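Asks: One structure is given below, represented as C-alpha cells, and several questions about it will come after.
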Amino acid sequence: MGVGPNRCTRERAARRSPAFSRIECGNCREILEGPVTPERIRSGRRQGDPLGACPAMNLLVLHLRDLRDSAGLNVAELRRRLVEAMRDEPADPPAEQTLHRLLRGTNLHAKPRLAEAVADVCVHATRGDRQAARKRVREFYALAREEMDGSRGGTGREPEGDHQITEIQRLRTELQKKHQENLQLAAEVAVTRRLLSSLAPGGGGGAVIGDDLLGEMLERIQYIAASSDEALAEAQAARAETARLRDWVTASPWDWSPNTPAPDGADGPDITDDRVDPPAPAGGGDTEALFEIETPNPVDPELEQLVRELTRLDPTGARMAGVIESAGDYLLDGGRTGRYEWTQLEKAEKVLFGSTVRRLMQREFGLTGGAGHLDFTLDGIGFDLKWTLGGMWLFGPELMGELCVVAEADDRTGKYSYGVVRVRPEYLRHSSNRDLKSALTREGREAIRWIRMDGILRTGVLQQLTVEDREAVLRHDTGARRLTELFRRAQGMRLTRSDLATVCRSPEPMRRLREMLPRLRREGILVAAGHLGDRSVLTGLGAPEPAPGEWVGLRLVPADGEPGPVIDLDGTPWRKARPGDPEAPLP
C-alpha cells in the first residue's frame, strides 16, 4: 500500500532528528525506528538536533519546523509574518535570533504563546485548520509538563521558571523564620528592661543590685541588640532577593505559561491582624533606639516635582487611560477567548495585569528604568509603580521612604485613578501579610497626591449593552451572525476593533466586517468608519463621530417628508429609524 510522494512530513522530521531511536508518525501513525542520516531542508541549510527541555519539546521543535517548511518560509519571512500578526499586541515581536533558538528548542518550554503564534502564521488554510494547529501545539506542552513533572525527582532538567518560583518560596520561608526571631528578640528586650526597672533603686522592687549583676545585664542587652541588627539585615536581603525574583518571573508575556502556578500571595493581600511589627534597631548598645520612630518632614519637593512632570506628560489623563485599556484588552485576548470583562480573567492573568501596565506605561511615557528595586526614573527622580484592580496596594519594607505611583481601575464602574505617595511608617497598617507587606491606612490614602481621580475608562460594547441584548448577540453560533446582531443592537454606539474581534472571536475581524457590510445595507444599517472621509455622515442624526479605529452604525429609513433631522443619501432624505419602522435597503 503506497504512502504518497512525500511519504509524510513527520517522517522527514524524524530523519532530521537522529536523537530519537523510535518515533510515531503524526499522520500515518507508522512507528519509525533507528537513527538515520539527516536531510537538508528547502533552504539548503542543515537543521541542528532539537535542544528541548524534554522529548515532548523536541517533538514540538520538529512539528514547528515541518509547518515552516510546508509554508516555504525562512526565518526572516517567518518573522515578518509574526510582526504583522502582532501589530495590535503590546509585546514586541521576537528577533530573528530568538526564532532561530526557538526552532532549535532553546527555552521553548517557557514560550507557549509564541509557539502558538508561529504555528498560526505558518498555516494558510481555514480558521479550523489554524485552530487545529494551535491545539496540536498545546497538546505538546501538556505532554511536556507531564514529562518534566515526572523528572523533578530524578536528574531531569527543571524549567527555569519553576526553579525561580521554588527559590522564592524558600526565601519566603527563611524570611518568616527571621521575622519570628526578631519578635523573640524584641520580647526578650522588653522582659530585660522590666527586670532592670524592678531591680533599680526606687523601682519598687526593694532590692539593691550589685555592679557585677548590672554589668551582666547590660552585656546581655547589647548582645540582644546586636543580634537583632544582624537578623534584620539578613531579613532585608531576603526581601530584596524575593522581590527581584518575582519581577523576573513576571518580566515578559511571552515567558508566561497559563499553567504555571503564581507565587503564594501574589494575587492579593493576605492580611493578618495577630502580628506585631518587628523592632527597628539603630545599632549600638542603646536599647531606647530599638523603639524610636523618626518623624518625617511633611515638605516633599521631590513628590511635587514628580506630580508636575506626570501632569505635564498626561494633562488630560488620556494617556494613562489608554495604557490601562490596552493592558486589559491584551490580557482578555477577546479575539481568541471571547472574554469582555476583567472579572473573567484567570488568577494568574490578574497577577500579570500589574506588569503589563508597568511595561506599557514605560513605553507610553518614555520612562527610563529605575535604580535598585525601583521601576522607573523621571527627571532624575526614582519611583515605583503599584497597581490594583479595585483592591488595595501593598508596600514591602524595601519601599520605605520611596516615592510610589499608585494606580487603580475597575471596568465595572469604568473609572480609574492614579497619584503619587511617599511611603512612610505612619501611613502603613501595623498588620502585614506573610511577605511583610502592608497596606495604606486612611491617613495614607489621604496623603496621596492624585493626578487623575475617577477618570473615565473606555469599556467594551458588550458591557454597555443590556443583559438581553448581550445574550442576543452571543447566542449565535458564527462570528458573522454575532457581528450582524451587534450592529442591530448597538445603534449609535462606538465600536472598536477589540469589540469586533471579541464578538467575532477572531483576531482578524475586518474580513468579517467587509463581508457583512452589504447585508447591513440591505437592512438599512449605515456604518460610518473613523478612518474614512464619511465618518461624520451620521452626526446630523445625533450619532457620535467615530475616531480612527472605531465604527458607528445606525438604521435609517426614508424621511417621506416627516419633520426632524435628516441626511442626504444619493439625493434622497433619510432619517433615523424608530423601533416600529419597516426595513428599507440603503441606496
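Within each chain, counting starts at residue 1; across the C-alpha cells, chains are named A, B, ... in the order shown, with ligands numbered 1 upward in that order.
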With a distance cut-off of 9 Å and only C-alpha atoms, select the neighbouring residues of A:Ser498, excluding the residue or stretch itself and same-chain residues fewer than 4 positions from it, and output the selection as a list of chain:residue names.

Replies: A:Asp329, A:Asp333, A:Gly334, A:Gly335, A:Gly460, A:Thr502, A:Val503, A:Pro507, A:Pro509

Asks: Please indicate the distance in Å from atom CA of A:Leu389 to atom CA of A:Asn433, rounded to one decimal place.

Replies: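 Atom CA of A:Asn433 lies at a distance of 18.3 Å from atom CA of A:Leu389.
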
Asks: For A:Gly564, list every protein, DNA or RNA residue within 9 Å, evaluated using only C-alpha atoms, and leave out those in the same chain fewer than 5 positions away; present the list as a list in words.

Replies: Leu541, Ala559 and Arg575 of chain A

Asks: Any idea what's packed within 9 Å of stretch 57-61 of chain A, counting only C-alpha atoms, ignoring anything in its chain fewer than 5 positions away? Could you give it as a ChimeraX atom specification?

Replies: /A:13-14,17,49-52,66,102-105,108-109,115,136-137,140-141,143-144

Asks: Take the residues from that selection and write them out as a short mmCIF file (atom, residue, chain, number, x, y, z; two decimals), in the first residue's frame, keeping all heavy atoms.

Replies:
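Okay, this is what ended up in result26.cif:
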```
data_model
loop_
_atom_site.label_atom_id
_atom_site.label_comp_id
_atom_site.auth_asym_id
_atom_site.auth_seq_id
_atom_site.Cartn_x
_atom_site.Cartn_y
_atom_site.Cartn_z
N ALA A 13 10.70 14.86 9.29
CA ALA A 13 11.16 15.48 10.54
C ALA A 13 11.97 14.50 11.36
O ALA A 13 12.98 14.84 11.97
CB ALA A 13 9.95 15.98 11.34
N ALA A 14 11.51 13.23 11.40
CA ALA A 14 12.24 12.23 12.17
C ALA A 14 13.62 11.98 11.56
O ALA A 14 14.60 11.75 12.27
CB ALA A 14 11.44 10.93 12.22
N SER A 17 16.23 14.22 12.80
CA SER A 17 16.47 14.16 14.24
C SER A 17 17.02 12.80 14.62
O SER A 17 16.28 11.92 15.06
CB SER A 17 15.18 14.45 15.01
OG SER A 17 15.43 14.35 16.38
N ASP A 49 20.16 19.34 15.77
CA ASP A 49 19.32 18.48 16.60
C ASP A 49 18.52 19.33 17.57
O ASP A 49 18.98 20.36 18.06
CB ASP A 49 20.19 17.49 17.38
CG ASP A 49 20.92 16.54 16.45
OD1 ASP A 49 20.46 16.38 15.30
OD2 ASP A 49 21.97 15.99 16.86
N PRO A 50 17.28 18.92 17.89
CA PRO A 50 16.48 19.67 18.87
C PRO A 50 17.16 19.71 20.23
O PRO A 50 17.76 18.73 20.67
CB PRO A 50 15.16 18.89 18.92
CG PRO A 50 15.11 18.12 17.64
CD PRO A 50 16.54 17.80 17.32
N LEU A 51 17.01 20.85 20.91
CA LEU A 51 17.62 21.05 22.23
C LEU A 51 16.55 21.36 23.26
O LEU A 51 16.75 22.17 24.16
CB LEU A 51 18.64 22.20 22.18
CG LEU A 51 19.80 22.04 21.19
CD1 LEU A 51 20.67 23.29 21.19
CD2 LEU A 51 20.64 20.82 21.55
N GLY A 52 15.38 20.72 23.14
CA GLY A 52 14.29 20.98 24.07
C GLY A 52 14.58 20.45 25.45
O GLY A 52 15.48 19.64 25.68
N ASP A 66 8.33 21.48 10.54
CA ASP A 66 7.51 20.96 9.45
C ASP A 66 6.53 22.02 8.95
O ASP A 66 6.34 22.20 7.75
CB ASP A 66 6.73 19.73 9.93
CG ASP A 66 7.63 18.51 10.06
OD1 ASP A 66 8.73 18.53 9.49
OD2 ASP A 66 7.23 17.56 10.76
N LEU A 102 14.35 29.33 19.01
CA LEU A 102 13.07 28.67 19.24
C LEU A 102 12.95 27.42 18.38
O LEU A 102 12.49 26.37 18.86
CB LEU A 102 11.94 29.64 18.90
CG LEU A 102 10.52 29.10 19.08
CD1 LEU A 102 10.18 29.02 20.55
CD2 LEU A 102 9.51 29.95 18.34
N LEU A 103 13.37 27.50 17.13
CA LEU A 103 13.27 26.35 16.24
C LEU A 103 14.33 25.29 16.53
O LEU A 103 14.36 24.26 15.86
CB LEU A 103 13.38 26.81 14.78
CG LEU A 103 12.22 27.70 14.30
CD1 LEU A 103 12.46 28.21 12.90
CD2 LEU A 103 10.91 26.93 14.37
N ARG A 104 15.19 25.54 17.47
CA ARG A 104 16.11 24.52 17.96
C ARG A 104 15.68 23.99 19.33
O ARG A 104 16.27 23.05 19.84
CB ARG A 104 17.53 25.07 18.06
CG ARG A 104 18.16 25.41 16.73
CD ARG A 104 19.66 25.44 16.81
NE ARG A 104 20.20 24.12 17.14
CZ ARG A 104 21.50 23.87 17.35
NH1 ARG A 104 22.37 24.85 17.28
NH2 ARG A 104 21.90 22.66 17.62
N GLY A 105 14.68 24.65 19.96
CA GLY A 105 14.16 24.16 21.23
C GLY A 105 14.69 24.88 22.45
O GLY A 105 14.32 24.54 23.57
N LEU A 108 12.14 26.76 24.73
CA LEU A 108 10.83 26.65 24.10
C LEU A 108 9.73 26.34 25.11
O LEU A 108 8.59 26.75 24.94
CB LEU A 108 10.88 25.56 23.02
CG LEU A 108 9.60 25.30 22.22
CD1 LEU A 108 9.17 26.56 21.48
CD2 LEU A 108 9.80 24.16 21.25
N HIS A 109 10.08 25.62 26.20
CA HIS A 109 9.07 25.26 27.19
C HIS A 109 8.47 26.47 27.89
O HIS A 109 7.38 26.39 28.45
CB HIS A 109 9.68 24.31 28.23
CG HIS A 109 10.77 24.96 29.04
ND1 HIS A 109 12.08 25.01 28.60
CD2 HIS A 109 10.74 25.59 30.24
CE1 HIS A 109 12.81 25.64 29.52
NE2 HIS A 109 12.03 25.99 30.51
N ALA A 115 5.03 29.99 20.49
CA ALA A 115 4.97 28.78 19.68
C ALA A 115 3.62 28.68 18.96
O ALA A 115 3.56 28.31 17.79
CB ALA A 115 5.21 27.54 20.55
N ARG A 136 -2.72 21.42 18.49
CA ARG A 136 -1.63 20.46 18.47
C ARG A 136 -0.45 20.96 19.29
O ARG A 136 0.19 20.20 20.03
CB ARG A 136 -1.19 20.23 17.01
CG ARG A 136 -0.08 19.20 16.85
CD ARG A 136 -0.50 17.84 17.31
NE ARG A 136 0.50 16.81 17.03
CZ ARG A 136 0.55 15.64 17.61
NH1 ARG A 136 -0.35 15.30 18.51
NH2 ARG A 136 1.48 14.77 17.29
N VAL A 137 -0.15 22.26 19.19
CA VAL A 137 0.93 22.84 19.99
C VAL A 137 0.62 22.72 21.48
O VAL A 137 1.49 22.37 22.29
CB VAL A 137 1.16 24.31 19.58
CG1 VAL A 137 2.14 24.99 20.54
CG2 VAL A 137 1.70 24.39 18.16
N PHE A 140 1.36 19.29 22.77
CA PHE A 140 2.78 19.07 23.04
C PHE A 140 3.16 19.65 24.40
O PHE A 140 3.92 19.04 25.16
CB PHE A 140 3.63 19.71 21.94
CG PHE A 140 3.75 18.87 20.69
CD1 PHE A 140 3.27 19.31 19.47
CD2 PHE A 140 4.34 17.61 20.74
CE1 PHE A 140 3.38 18.55 18.33
CE2 PHE A 140 4.46 16.83 19.61
CZ PHE A 140 3.97 17.30 18.39
N TYR A 141 2.66 20.84 24.74
CA TYR A 141 3.00 21.46 26.02
C TYR A 141 2.41 20.67 27.18
O TYR A 141 3.03 20.56 28.25
CB TYR A 141 2.52 22.92 26.05
CG TYR A 141 3.50 23.87 25.43
CD1 TYR A 141 3.34 24.31 24.13
CD2 TYR A 141 4.62 24.31 26.14
CE1 TYR A 141 4.25 25.17 23.55
CE2 TYR A 141 5.53 25.17 25.57
CZ TYR A 141 5.34 25.60 24.27
OH TYR A 141 6.25 26.46 23.71
N LEU A 143 1.92 17.44 27.23
CA LEU A 143 2.79 16.28 27.38
C LEU A 143 4.13 16.66 28.01
O LEU A 143 4.67 15.92 28.85
CB LEU A 143 3.02 15.64 25.99
CG LEU A 143 3.92 14.39 25.96
CD1 LEU A 143 3.33 13.28 26.81
CD2 LEU A 143 4.09 13.91 24.52
N ALA A 144 4.65 17.84 27.63
CA ALA A 144 5.93 18.28 28.20
C ALA A 144 5.81 18.52 29.70
O ALA A 144 6.72 18.19 30.47
CB ALA A 144 6.40 19.55 27.50
#
```

Asks: Have a look at A:Thr484, A:Ser355, A:Ser506, A:Thr478 and name the one nearest to A:Arg339; count only C-alpha atoms.

Replies: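 Answer, going by the shortest atom-to-atom distance: A:Ser506.
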
Asks: Rounded to one decimal in Å, what is the spacing between atom CA of A:His531 and atom CA of A:Ala480?

Replies: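 Straight-line distance from atom CA of A:His531 to atom CA of A:Ala480 works out to 21.9 Å.
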
Asks: Choose the residue, out of A:Trp574, A:Phe395, A:Tyr340, A:Tyr416, that has the smallest atom-to-atom separation from A:Ser432; count only C-alpha atoms.

Replies: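 With only C-alpha atoms as the atom set, the closest residue is A:Phe395.
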
Asks: Please identify all polymer residues within 12 Å of A:Glu471, counting only C-alpha atoms, omitting same-chain residues fewer than 5 positions from it, and present them as a VMD selection string.

Replies: chain A and resid 462 to 463 465 to 466 476 482 485 to 486 489 503

Asks: Output N, CA, C and O atoms for every residue in the selection just made, as an mmCIF file, in the first residue's frame.

Replies:
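Output file part-v2.cif is given in full below:
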```cif
data_model
loop_
_atom_site.group_PDB
_atom_site.id
_atom_site.type_symbol
_atom_site.label_atom_id
_atom_site.label_comp_id
_atom_site.auth_asym_id
_atom_site.auth_seq_id
_atom_site.Cartn_x
_atom_site.Cartn_y
_atom_site.Cartn_z
ATOM 1 N N LEU A 462 -19.879 45.172 24.755
ATOM 2 C CA LEU A 462 -20.690 44.116 25.356
ATOM 3 C C LEU A 462 -21.035 44.425 26.804
ATOM 4 O O LEU A 462 -22.075 43.987 27.307
ATOM 5 N N GLN A 463 -20.182 45.172 27.484
ATOM 6 C CA GLN A 463 -20.500 45.585 28.850
ATOM 7 C C GLN A 463 -21.558 46.687 28.871
ATOM 8 O O GLN A 463 -22.322 46.796 29.827
ATOM 9 N N LEU A 465 -24.057 47.037 26.696
ATOM 10 C CA LEU A 465 -25.374 46.536 26.309
ATOM 11 C C LEU A 465 -26.126 45.991 27.517
ATOM 12 O O LEU A 465 -25.540 45.613 28.531
ATOM 13 N N THR A 466 -27.445 45.949 27.384
ATOM 14 C CA THR A 466 -28.245 45.307 28.419
ATOM 15 C C THR A 466 -28.010 43.800 28.384
ATOM 16 O O THR A 466 -27.486 43.256 27.405
ATOM 17 N N HIS A 476 -25.584 33.435 18.953
ATOM 18 C CA HIS A 476 -25.378 32.926 17.604
ATOM 19 C C HIS A 476 -24.110 32.081 17.549
ATOM 20 O O HIS A 476 -23.154 32.294 18.303
ATOM 21 N N ARG A 482 -23.033 36.884 14.787
ATOM 22 C CA ARG A 482 -22.878 37.689 16.004
ATOM 23 C C ARG A 482 -22.564 39.135 15.655
ATOM 24 O O ARG A 482 -23.069 40.068 16.301
ATOM 25 N N GLU A 485 -25.728 40.884 14.423
ATOM 26 C CA GLU A 485 -26.622 41.166 15.546
ATOM 27 C C GLU A 485 -26.081 42.307 16.405
ATOM 28 O O GLU A 485 -26.862 43.096 16.959
ATOM 29 N N LEU A 486 -24.769 42.422 16.496
ATOM 30 C CA LEU A 486 -24.183 43.513 17.272
ATOM 31 C C LEU A 486 -24.558 44.860 16.670
ATOM 32 O O LEU A 486 -24.949 45.789 17.395
ATOM 33 N N ARG A 489 -28.108 45.736 17.486
ATOM 34 C CA ARG A 489 -28.408 46.068 18.884
ATOM 35 C C ARG A 489 -27.673 47.310 19.370
ATOM 36 O O ARG A 489 -28.170 48.022 20.242
ATOM 37 N N VAL A 503 -16.470 39.869 19.547
ATOM 38 C CA VAL A 503 -17.743 39.325 19.089
ATOM 39 C C VAL A 503 -17.522 38.258 18.025
ATOM 40 O O VAL A 503 -18.162 37.200 18.034
#
```
